[in-house]
Amino acid sequence: MTSIVIAAHNEAAVIGRCLDALLSDARPGEFDIIVVANGCTDDTVAVARSRPGVRVIDLATAGKSPALNAGDEAAVGFPRIYLDADVVLTTAAVRSLTAALESAPAATVGRELDVSGRPLPVRAYYAIHGRLPVLRDGLFGRGVVALSEKGRARFGRFPDLVADDLFLDSQFAREEKAHVTAYTSKVATPRRTGDLIRRLVRVRGGNAAMRAAAARGEVTVPVRSADRSSWLRDVVLPRPWLAPAALCYVAITVLAAVAAKRAGDGGAAWGRDESSRQSDS
């Protein structure tokens, strides 16, 4: 039985489509789906409980790491999949991830960026970001990470840090990560430039907190370092026609870096971009 843990904080607009996709072709008893609602003030709990066979844990306090740990404690099966509530993953995709884990301890799917209707700066940013090599071999940026039982045994509890996907990525060498390219995670990009900057502040703050924890010995595996020049070396120089988009990319990246530094401890709060979670219905 594959256990799927979904940490959900105010995800009423999107959790239904997430669960419906998982359950669309699932056989009875095939999946153990646990939605861990944490600090929700909307109808996330009610929507999740309306789906047959889905178990719901309702935590009073918001926090992704505590939610993932609570889901892990309740989960009964392996492989174990950690899925973001705003990601649509089909039954067939879950089965492919399970099959991939027969030869690797960790797996994820491809990545599809939804930039439809977004303003030019957002589209320009992702024209660069979407081509970064690090997004091809990492486990992050998709909202989907699958682990075998041996892969999950690499660590204990999730640390109280925001960058859970970077933490998971750090547990495995490149050759230990399988990528199921036949299926993709459709990643909704921010609908406004300001929302993109807010998302990047959270990501940069969370990653910085993770690396600081590793430097203090609180995280016991090497954490991937940031490659600040990859956008130029690996993306723009081989594709000079992307230079105008690169100007937007650099400007937005610098703004986010300054804002993250001013914000201080980016690892303490679960801030996020709300615009990409708007229901399309």
# chains A, B, ... in the order shown; residues from 1 in each chain; ligands from 1
$ closest_atom_pairs --of "stretch 151-263 of chain A" --to "stretch 124-136 of chain A" --cutoff "7 Å" --atoms "only C-alpha atoms" --output "JSON lines"
{"residue": "A:Ser230", "atom": "CA", "partner": "A:Leu132", "partner_atom": "CA", "distance": 6.9}
{"residue": "A:Trp231", "atom": "CA", "partner": "A:Leu132", "partner_atom": "CA", "distance": 6.4}
{"residue": "A:Asp234", "atom": "CA", "partner": "A:Leu132", "partner_atom": "CA", "distance": 7.0}
{"residue": "A:Val235", "atom": "CA", "partner": "A:Arg131", "partner_atom": "CA", "distance": 6.4}
{"residue": "A:Ala245", "atom": "CA", "partner": "A:Ala124", "partner_atom": "CA", "distance": 4.5}
{"residue": "A:Ala246", "atom": "CA", "partner": "A:Ile128", "partner_atom": "CA", "distance": 6.5}
{"residue": "A:Cys248", "atom": "CA", "partner": "A:Tyr125", "partner_atom": "CA", "distance": 6.0}
{"residue": "A:Tyr249", "atom": "CA", "partner": "A:Tyr125", "partner_atom": "CA", "distance": 4.5}
$ select_by_dssp --residues "stretch 99-139 of chain A" --states "alpha helix (DSSP H)" --output "count of residues only"
16
$ closest_atom_pairs --of "stretch 47-151 of chain A" --to "stretch 175-188 of chain A" --cutoff "12 Å" --atoms "only C-alpha atoms" --output "CSV"
residue,atom,partner,partner_atom,distance
A:Leu83,CA,A:Ser185,CA,10.1
A:Asp84,CA,A:Ser185,CA,10.1
A:Ala85,CA,A:Val187,CA,11.3
A:Asp86,CA,A:Ala188,CA,8.2
A:Val87,CA,A:Ser185,CA,6.4
A:Val88,CA,A:Ser185,CA,6.6
A:Leu89,CA,A:Ser185,CA,6.6
A:Thr90,CA,A:Tyr183,CA,8.7
A:Thr91,CA,A:Tyr183,CA,10.7
A:Ala92,CA,A:Tyr183,CA,8.6
A:Ala93,CA,A:Tyr183,CA,5.9
A:Val94,CA,A:Tyr183,CA,9.3
A:Arg95,CA,A:Val180,CA,10.5
A:Ser96,CA,A:Val180,CA,7.0
A:Leu97,CA,A:Val180,CA,6.6
A:Thr98,CA,A:Val180,CA,10.0
A:Ala99,CA,A:Val180,CA,9.6
A:Ala100,CA,A:Ala178,CA,6.4
A:Leu101,CA,A:Ala178,CA,7.5
A:Glu102,CA,A:Ala178,CA,10.0
A:Ser103,CA,A:Ala178,CA,8.2
A:Ala104,CA,A:Glu176,CA,5.4
A:Pro105,CA,A:Glu176,CA,6.1
A:Ala106,CA,A:Lys177,CA,5.0
A:Ala107,CA,A:Ala178,CA,4.4
A:Thr108,CA,A:His179,CA,5.2
A:Val109,CA,A:Val180,CA,4.6
A:Gly110,CA,A:Thr184,CA,4.1
A:Arg111,CA,A:Ser185,CA,5.0
A:Glu112,CA,A:Lys186,CA,4.7
A:Leu113,CA,A:Val187,CA,5.0
A:Asp114,CA,A:Ala188,CA,5.1
A:Val115,CA,A:Ala188,CA,7.2
A:Ser116,CA,A:Ala188,CA,9.2
A:Gly117,CA,A:Ala188,CA,11.1
A:Arg118,CA,A:Ala188,CA,10.2
A:Val122,CA,A:Ala188,CA,11.5
A:Arg123,CA,A:Ala188,CA,11.9
A:Tyr126,CA,A:Val187,CA,11.2
A:Gly130,CA,A:Val187,CA,10.9
A:Leu135,CA,A:His179,CA,11.2
A:Arg136,CA,A:His179,CA,8.6
A:Asp137,CA,A:Lys177,CA,7.6
A:Gly138,CA,A:Lys177,CA,7.8
A:Leu139,CA,A:Lys177,CA,7.5
A:Phe140,CA,A:Ser185,CA,11.1
A:Gly141,CA,A:Val187,CA,8.0
A:Arg142,CA,A:Ser185,CA,5.7
A:Gly143,CA,A:Ser185,CA,7.3
A:Val144,CA,A:Ser185,CA,7.4
A:Val145,CA,A:Lys177,CA,9.9
A:Ala146,CA,A:Ala178,CA,9.5
A:Leu147,CA,A:Lys177,CA,9.6
A:Ser148,CA,A:Lys177,CA,11.1
A:Lys150,CA,A:Glu176,CA,11.7
A:Gly151,CA,A:Glu176,CA,9.3
$ residues_around --residues "A:Asp42" --least-positions-apart "2" --cutoff "8 Å" --atoms "only C-alpha atoms" --output "number ranges by chain"
A: 10-12, 40, 44-45
$ atom_distance --atom1 "atom CA of A:Pro66" --atom2 "atom CA of A:Ala212"
20.0 Å
$ atom_distance --atom1 "atom CA of A:Gly63" --atom2 "atom CA of A:His9"
8.0 Å
$ select_by_dssp --residues "stretch 117-226 of chain A" --states "strand (DSSP E or B)" --output "list in words"
Val144, Val145, Ala146, Leu147, Lys177, Ala178, His179, Val180, Thr181, Ala182, Tyr183, Thr184, Ser185, Lys186, Val187 and Ala188 of chain A
$ write_last_selection --atoms "C-alpha atoms" --output "PDB file, in the first residue's frame"
ATOM      1  CA  VAL A 144       6.088  15.623  -5.306  1.00  0.00           C
ATOM      2  CA  VAL A 145       8.720  13.431  -3.611  1.00  0.00           C
ATOM      3  CA  ALA A 146       8.417   9.651  -3.396  1.00  0.00           C
ATOM      4  CA  LEU A 147      10.592   7.517  -1.101  1.00  0.00           C
ATOM      5  CA  LYS A 177      17.098   9.986  -7.651  1.00  0.00           C
ATOM      6  CA  ALA A 178      14.778   8.587 -10.305  1.00  0.00           C
ATOM      7  CA  HIS A 179      12.819  10.972 -12.536  1.00  0.00           C
ATOM      8  CA  VAL A 180       9.589   9.725 -14.048  1.00  0.00           C
ATOM      9  CA  THR A 181       9.488  11.918 -17.142  1.00  0.00           C
ATOM     10  CA  ALA A 182       6.312  10.353 -18.543  1.00  0.00           C
ATOM     11  CA  TYR A 183       4.336  12.322 -15.947  1.00  0.00           C
ATOM     12  CA  THR A 184       4.620  15.916 -14.821  1.00  0.00           C
ATOM     13  CA  SER A 185       3.670  18.034 -11.870  1.00  0.00           C
ATOM     14  CA  LYS A 186       1.899  21.135 -13.125  1.00  0.00           C
ATOM     15  CA  VAL A 187       3.332  23.958 -11.044  1.00  0.00           C
ATOM     16  CA  ALA A 188       1.129  27.036 -10.847  1.00  0.00           C
TER      17      ALA A 188
END
$ atom_distance --atom1 "atom CA of A:Pro222" --atom2 "atom CA of A:Leu166"
10.6 Å
